[in-house]
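What follows is a single structure, written as structure tokens, with notes after it.
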Amino acid sequence: MRQVSHQYVSADSLGEFITAHGLTACKGVVQVFSGASLELTTRLQRELKCQLAHFVLIGASTAGEIYNGACVEQAIILSFLIFDKESRALPFNLSLQPAHCGPDTIRTLFPLPPKVIIFFSNALATSPESVLKLLHQQLPGCIFAGGNAADNASFIGTYTLLEAEVFRQGLVGVALYGDALQARQHQFTGWHAIGQTFRVTAAEHNVLYRLNDQPVLQLYKKYLGDDIVSGLPTTAMAFPFRVQHGEKTLLRAPVGVSQDGSGIILAGDINIGDSVTFSFADIQLLMQEVQTLATLSQTALVIYSCAARKAYLGQHINAEIHKLGANNQAAGGFFYGEYCTAGQQFDLLNLSTTLLLLTEHELPSRLIFNDTATQPILPSPLYTLAHLATATGKELNDTLAFLQQHQHAVNQSAIVSITDAEGIIVYVNKKFEDISGYSAHELMGKTHQLIKHPAMPAKVYQNLWHTIKRNRTWQGLILNKKKDGSHYYVKTVIVPILDQHNTLSRYLSIRHDVTDIIKARQTIRIQNTDALTGLPNRTRLSADVKNSNIVLLAVFDTRNFKLLNDFWGIEQGDNAIRQLAQLFSSAATSLQLQSYKFHGASFAFRPLSQISLPQFSAKCEQLRSQVEAATLEVNGHLFDINLSIGIGVSETRAIALAESALAEAKTSYCSSLVIKTEQELSGNNAYQYIEQVRDALHENRLTAWFQRLAPVNHADHHCDKFEALVRIDQGNGEFTAPGVFLEHIKKTRLYGALTREIVTIALSTAQRFNCTISVNLSIQDILDPQTTEFIFHNLKLHSGQQIIFEITESEAIREFSSVAEFIRKIRSYGAQIAIDDFGSGYSNFAYLVDIKPEYIKIDGSIIKGIVDNQNSRLVTKSIIDMAKNLGIKTIAEFVSTVEIYQCLQQLGVDMVQGYYISKPIPASEIADNQQAYLDAMS
């Protein structure tokens, strides 16, 4: 077995790497460790699956990557495990439901037990540990490796990769088989217990709620401080829980706070009854314990390390990874916990580093580490604890001085009063006098009734006394009255003071004047509230979107409201909007959605907490159903409600995307709900692509590449046909394919110019090489008078018999008379017609009769699955038979393998197109391609 690694920079560098290492002729497994964007990662994923068909691809998002024994950040690292012998790899994926991992599932997935399984999981919502333990119980001799996908301490969204798919949930894996295959794991930890031991009294899977029957967050505050809690989980990673479960000791790092805010989510399961302590690590000792791993012969080394360990060690992690991986050019990544089966028992590890060794030869009997001579280092925790004791003693000596200064600081900033147990004022500070207008003499011996404002509800005081008489602290906002009759607001804390016998002796009240804040809030509330409906307005919506991490937003619009407003007038229209607001607000509250008045008869809604897009869409549909089931009464008449919905998904552009989706929904007759996401629009790059095409047209860098359409019947091999595929020549030897820019260009006037340029290139190329060229035309092209007149003029000047026009998006035809006239006219010049992507979307079979095309191109999504999918073969066969009966020739695209070609040959397809036949080539290579093709056919 060989291992090579590559840090992905560009498609060209990857291609050079693949060529340099001869990977196209190899088989094995490629692991993708990605700290880059999902868009870049999936693009690489497609490139790998296209170029390396014999490699199984598996990967995950990571919180740092390892490349040849060095740590890198926000990179994509590819680790190729290359089989030299008869080893093989089987990819699979599973849900994280234990019920789905029974013996029948295992027998189906693994008819023979594998030697090694590499897993990656999306574990932020559900822990994979119970499922992996069940699997390992049924595969006890198998080594489990891998880890929980990470996202650079964001803890909001991870992903895993398997072959050509991306997963946001569940478990992906690749099982390794081979008689010669051998594997071993080795782990490094180094954390030690500190402080008292607790017992887990409330937990569920990987969520810890209570220790010693106390809320876990209270213990964090007590032993680690409030700052730790406010910054969870990042602030507590250096102090993971050390869990004693039976005879086994594991570390559990926090990775989040539960949705209800009462528990800590851990990177692994924890059980009721487990013994738990806080733990710590001495970085200097850790660095001594990890020694340099010697060079391994004919052995691959992959490193799976914990993101919490990386965060704690900081820059020291570079030295650790260098020691373990540099001599063996190891690759890997940092995860939210890694998997290990050292000692024949599965564990999900935290704050550790795990090595996976793979070979098809003989593993060494033990790992050899090169000891490095270093001076003994005293454990720094001893110094820290000594310093702690010294600091504690000093704090005790300084307590009195500190309290005196604290009292002075409080008096400078807060309104303070003290009463006896009956509520009689016995002390007020100077600030109390200044704010209230009363002197201390006027206040002493009185109760706070003297400053009570008549507008303050009596139930507030009832709650206040009920709380403090039970020796509990009360906090709240109180409206008080000054001596001159004006009012002021105070944020108040009242604390019962107990004597040494635990008997109530005083009440201490500390207040802060927040009048200016309350008045400002009232002003803001008015500015942020829609005067007509009383709902938060668009200004408030914009602020909420900006200040929240909830990325989902829906905008509802009443389709037919303008008719009502125009007929009955603005006054009745406003009345209808108020009714709509009540209907929406009532229904949205029950669905836990926040309502906003958007504009006109439009309303916006956001979830109150983090939920998935499918859950939010379902709530929006339910909200629509409830509101549309009602009717509006306008001037004694009933008015039906008909709603359109636009949903936007974005951290920063949710409002714009929702409005765009709503506009599309209002014009759609197929769907009244449209969803738009940041990834789908890629709006940030739209103008860049538009400018690229504009410059390419201006500088004559817009060109075409050509892909052969080959007849399956040998008698027709003399007829050369190619499809013209648009490209942008970047001028540096690179060419940009249309996938990245075409959808953006369709929304501009440049699209017609692009089509006309490709038609010109196709006609000249067909004449130059005496071949037939097919050109894609969309319905947008056919309905563009400038483009159609250009086509007619050029067909008149050239031979139309050498041109085939492939009509795309045929399901979108509305003005069929215009299309029919276009087809009639180009046929008069000898050109032919093909229907592109037949079998996808909503293919209209009636058009076959009306258009009478010479060719049908069967959609590639059907062809790609034709070998393994019986339904794909049946659909393909049906299309071919139907076409033959109608006298139409069939073309199959995306023919990438000999198996697909042979299957299509048996089904009777007329022509094929794809990488198995020929990749796209520039016009300069057509002549060589023609000769090579003739030689191959002769």
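Going by the structure tokens order, chains are called A, B, ..., each with residues numbered from 1, while ligands are numbered from 1 in the order shown.
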Those of region 470-570 of chain A in DSSP alpha helix (DSSP H), formatted as a PDB file with N, CA and C atoms, in the first residue's frame:
ATOM      1  N   THR A 515     -34.131  55.417  33.308  1.00  0.00           N
ATOM      2  CA  THR A 515     -35.183  56.218  32.674  1.00  0.00           C
ATOM      3  C   THR A 515     -34.844  56.537  31.223  1.00  0.00           C
ATOM      4  N   ASP A 516     -33.616  56.975  30.982  1.00  0.00           N
ATOM      5  CA  ASP A 516     -33.225  57.319  29.613  1.00  0.00           C
ATOM      6  C   ASP A 516     -33.311  56.096  28.695  1.00  0.00           C
ATOM      7  N   ILE A 517     -32.912  54.935  29.218  1.00  0.00           N
ATOM      8  CA  ILE A 517     -32.961  53.714  28.409  1.00  0.00           C
ATOM      9  C   ILE A 517     -34.402  53.353  28.086  1.00  0.00           C
ATOM     10  N   ILE A 518     -35.299  53.438  29.078  1.00  0.00           N
ATOM     11  CA  ILE A 518     -36.706  53.087  28.860  1.00  0.00           C
ATOM     12  C   ILE A 518     -37.339  54.030  27.841  1.00  0.00           C
ATOM     13  N   LYS A 519     -37.047  55.334  27.975  1.00  0.00           N
ATOM     14  CA  LYS A 519     -37.605  56.299  27.027  1.00  0.00           C
ATOM     15  C   LYS A 519     -37.068  56.037  25.617  1.00  0.00           C
ATOM     16  N   ALA A 520     -35.773  55.714  25.543  1.00  0.00           N
ATOM     17  CA  ALA A 520     -35.193  55.402  24.226  1.00  0.00           C
ATOM     18  C   ALA A 520     -35.844  54.158  23.645  1.00  0.00           C
ATOM     19  N   ARG A 521     -36.071  53.152  24.495  1.00  0.00           N
ATOM     20  CA  ARG A 521     -36.722  51.926  24.021  1.00  0.00           C
ATOM     21  C   ARG A 521     -38.143  52.207  23.549  1.00  0.00           C
ATOM     22  N   GLN A 522     -38.844  53.073  24.280  1.00  0.00           N
ATOM     23  CA  GLN A 522     -40.207  53.417  23.866  1.00  0.00           C
ATOM     24  C   GLN A 522     -40.194  54.098  22.500  1.00  0.00           C
ATOM     25  N   THR A 523     -39.214  54.987  22.299  1.00  0.00           N
ATOM     26  CA  THR A 523     -39.099  55.649  21.000  1.00  0.00           C
ATOM     27  C   THR A 523     -38.777  54.640  19.903  1.00  0.00           C
ATOM     28  N   ILE A 524     -37.820  53.752  20.213  1.00  0.00           N
ATOM     29  CA  ILE A 524     -37.454  52.730  19.234  1.00  0.00           C
ATOM     30  C   ILE A 524     -38.637  51.813  18.933  1.00  0.00           C
ATOM     31  N   ARG A 525     -39.416  51.487  20.009  1.00  0.00           N
ATOM     32  CA  ARG A 525     -40.571  50.613  19.814  1.00  0.00           C
ATOM     33  C   ARG A 525     -41.579  51.257  18.864  1.00  0.00           C
ATOM     34  N   ILE A 526     -41.769  52.559  19.010  1.00  0.00           N
ATOM     35  CA  ILE A 526     -42.685  53.266  18.105  1.00  0.00           C
ATOM     36  C   ILE A 526     -42.144  53.232  16.675  1.00  0.00           C
ATOM     37  N   GLN A 527     -40.838  53.489  16.544  1.00  0.00           N
ATOM     38  CA  GLN A 527     -40.219  53.488  15.217  1.00  0.00           C
ATOM     39  C   GLN A 527     -40.205  52.095  14.590  1.00  0.00           C
ATOM     40  N   ARG A 538     -40.835  46.571   9.110  1.00  0.00           N
ATOM     41  CA  ARG A 538     -39.675  46.117   8.347  1.00  0.00           C
ATOM     42  C   ARG A 538     -38.365  46.591   8.979  1.00  0.00           C
ATOM     43  N   THR A 539     -38.383  47.781   9.589  1.00  0.00           N
ATOM     44  CA  THR A 539     -37.175  48.270  10.261  1.00  0.00           C
ATOM     45  C   THR A 539     -36.763  47.321  11.376  1.00  0.00           C
ATOM     46  N   ARG A 540     -37.756  46.884  12.165  1.00  0.00           N
ATOM     47  CA  ARG A 540     -37.473  45.929  13.247  1.00  0.00           C
ATOM     48  C   ARG A 540     -37.001  44.597  12.666  1.00  0.00           C
ATOM     49  N   LEU A 541     -37.616  44.182  11.575  1.00  0.00           N
ATOM     50  CA  LEU A 541     -37.210  42.930  10.932  1.00  0.00           C
ATOM     51  C   LEU A 541     -35.747  42.988  10.510  1.00  0.00           C
ATOM     52  N   SER A 542     -35.334  44.090   9.903  1.00  0.00           N
ATOM     53  CA  SER A 542     -33.944  44.223   9.465  1.00  0.00           C
ATOM     54  C   SER A 542     -32.987  44.121  10.645  1.00  0.00           C
ATOM     55  N   ALA A 543     -33.344  44.755  11.762  1.00  0.00           N
ATOM     56  CA  ALA A 543     -32.484  44.698  12.946  1.00  0.00           C
ATOM     57  C   ALA A 543     -32.422  43.282  13.507  1.00  0.00           C
ATOM     58  N   ASP A 544     -33.573  42.605  13.556  1.00  0.00           N
ATOM     59  CA  ASP A 544     -33.608  41.240  14.100  1.00  0.00           C
ATOM     60  C   ASP A 544     -32.797  40.283  13.242  1.00  0.00           C
ATOM     61  N   VAL A 545     -32.904  40.435  11.927  1.00  0.00           N
ATOM     62  CA  VAL A 545     -32.134  39.570  11.025  1.00  0.00           C
ATOM     63  C   VAL A 545     -30.640  39.796  11.229  1.00  0.00           C
ATOM     64  N   LYS A 546     -30.248  41.054  11.382  1.00  0.00           N
ATOM     65  CA  LYS A 546     -28.832  41.386  11.533  1.00  0.00           C
ATOM     66  C   LYS A 546     -28.260  40.869  12.848  1.00  0.00           C
ATOM     67  N   PHE A 561     -54.852  41.177  -3.399  1.00  0.00           N
ATOM     68  CA  PHE A 561     -55.221  42.295  -2.539  1.00  0.00           C
ATOM     69  C   PHE A 561     -55.412  43.588  -3.330  1.00  0.00           C
ATOM     70  N   LYS A 562     -54.633  43.784  -4.385  1.00  0.00           N
ATOM     71  CA  LYS A 562     -54.760  45.029  -5.160  1.00  0.00           C
ATOM     72  C   LYS A 562     -56.177  45.186  -5.710  1.00  0.00           C
ATOM     73  N   LEU A 563     -56.797  44.058  -6.101  1.00  0.00           N
ATOM     74  CA  LEU A 563     -58.176  44.101  -6.596  1.00  0.00           C
ATOM     75  C   LEU A 563     -59.097  44.642  -5.512  1.00  0.00           C
ATOM     76  N   LEU A 564     -58.921  44.147  -4.284  1.00  0.00           N
ATOM     77  CA  LEU A 564     -59.747  44.629  -3.169  1.00  0.00           C
ATOM     78  C   LEU A 564     -59.507  46.109  -2.913  1.00  0.00           C
ATOM     79  N   ASN A 565     -58.256  46.501  -2.861  1.00  0.00           N
ATOM     80  CA  ASN A 565     -57.903  47.887  -2.534  1.00  0.00           C
ATOM     81  C   ASN A 565     -58.428  48.850  -3.602  1.00  0.00           C
ATOM     82  N   ASP A 566     -58.273  48.469  -4.878  1.00  0.00           N
ATOM     83  CA  ASP A 566     -58.728  49.337  -5.970  1.00  0.00           C
ATOM     84  C   ASP A 566     -60.248  49.475  -5.973  1.00  0.00           C
ATOM     85  N   PHE A 567     -60.965  48.371  -5.629  1.00  0.00           N
ATOM     86  CA  PHE A 567     -62.429  48.384  -5.729  1.00  0.00           C
ATOM     87  C   PHE A 567     -63.074  49.088  -4.539  1.00  0.00           C
ATOM     88  N   TRP A 568     -62.592  48.772  -3.310  1.00  0.00           N
ATOM     89  CA  TRP A 568     -63.248  49.288  -2.116  1.00  0.00           C
ATOM     90  C   TRP A 568     -62.579  50.530  -1.547  1.00  0.00           C
ATOM     91  N   ILE A 570     -58.901  52.765  -0.044  1.00  0.00           N
ATOM     92  CA  ILE A 570     -57.818  52.597   0.920  1.00  0.00           C
ATOM     93  C   ILE A 570     -58.342  52.311   2.319  1.00  0.00           C
TER      94      ILE A 570
END
For this session: Show which residues sit within 9 Å of region 171-188 of chain A, as number ranges by chain. Count only C-alpha atoms, and ignore same-chain residues fewer than 6 positions away.
Result: A: 1, 29, 56-59, 85-96, 110, 112-123, 128, 143, 145-146, 160-162, 289-290, 340-342, 351-363, 367
For this session: Identify, with DSSP run on backbone atoms, the residues in region 307-498 of chain A assigned to strand (DSSP E), and express the list as a PyMOL selection string.
Result: chain A and resi 331-335+338-340+347-349+353-359+369-370+415-420+425-428+474-481+487-498
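Among A:Thr703, A:Phe769, A:Phe741, A:Val243, the residue with the shortest atom-to-atom distance to Arg756 (chain A), counting only C-alpha atoms, is A:Thr703.
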Exercise. Suppose you want the space between CA of Leu266 (chain A) and CA of His100 (chain A); what is it in Å?
Worked result: 23.3 Å
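What separates CA of Ala238 (chain A) from CA of Pro254 (chain A) is a distance of 9.7 Å.
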Exercise. Which is closer to Ala53 (chain A) than all the others in A:Leu848, A:Leu763, A:Ile888, A:Val30, using only C-alpha atoms?
Worked result: A:Val30
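CA of Ser878 (chain A) is found 16.6 Å from CA of Asp836 (chain A).
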Problem set entry | Top pick for closest residue to Ser764 (chain A), considering A:Thr158, A:Asn794, A:Ser778, A:Thr677 and counting only C-alpha atoms | A:Asn794
Please identify every residue of region 265-335 of chain A that has at least one atom no farther than 8 Å from an atom of region 63-69 of chain A, counting only C-alpha atoms, and for each give the shortest atom pair and the distance in Å to one decimal, arranged by chain then increasing number, as JSON lines.
{"residue": "A:Ile303", "atom": "CA", "partner": "A:Ile66", "partner_atom": "CA", "distance": 7.5}
{"residue": "A:Ala307", "atom": "CA", "partner": "A:Ala63", "partner_atom": "CA", "distance": 6.0}
{"residue": "A:Ile321", "atom": "CA", "partner": "A:Gly69", "partner_atom": "CA", "distance": 5.7}
{"residue": "A:His322", "atom": "CA", "partner": "A:Gly69", "partner_atom": "CA", "distance": 4.9}
{"residue": "A:Lys323", "atom": "CA", "partner": "A:Gly69", "partner_atom": "CA", "distance": 7.6}
{"residue": "A:Leu324", "atom": "CA", "partner": "A:Gly69", "partner_atom": "CA", "distance": 7.0}
{"residue": "A:Gly325", "atom": "CA", "partner": "A:Gly69", "partner_atom": "CA", "distance": 4.0}
{"residue": "A:Ala326", "atom": "CA", "partner": "A:Gly69", "partner_atom": "CA", "distance": 4.0}
{"residue": "A:Asn327", "atom": "CA", "partner": "A:Gly69", "partner_atom": "CA", "distance": 7.5}
{"residue": "A:Asn328", "atom": "CA", "partner": "A:Asn68", "partner_atom": "CA", "distance": 7.3}
{"residue": "A:Gln329", "atom": "CA", "partner": "A:Asn68", "partner_atom": "CA", "distance": 3.8}
{"residue": "A:Ala330", "atom": "CA", "partner": "A:Asn68", "partner_atom": "CA", "distance": 4.7}
{"residue": "A:Ala331", "atom": "CA", "partner": "A:Tyr67", "partner_atom": "CA", "distance": 4.7}
{"residue": "A:Gly332", "atom": "CA", "partner": "A:Ile66", "partner_atom": "CA", "distance": 4.7}
{"residue": "A:Gly333", "atom": "CA", "partner": "A:Glu65", "partner_atom": "CA", "distance": 4.2}
{"residue": "A:Phe334", "atom": "CA", "partner": "A:Ala63", "partner_atom": "CA", "distance": 5.2}
{"residue": "A:Phe335", "atom": "CA", "partner": "A:Ala63", "partner_atom": "CA", "distance": 6.2}
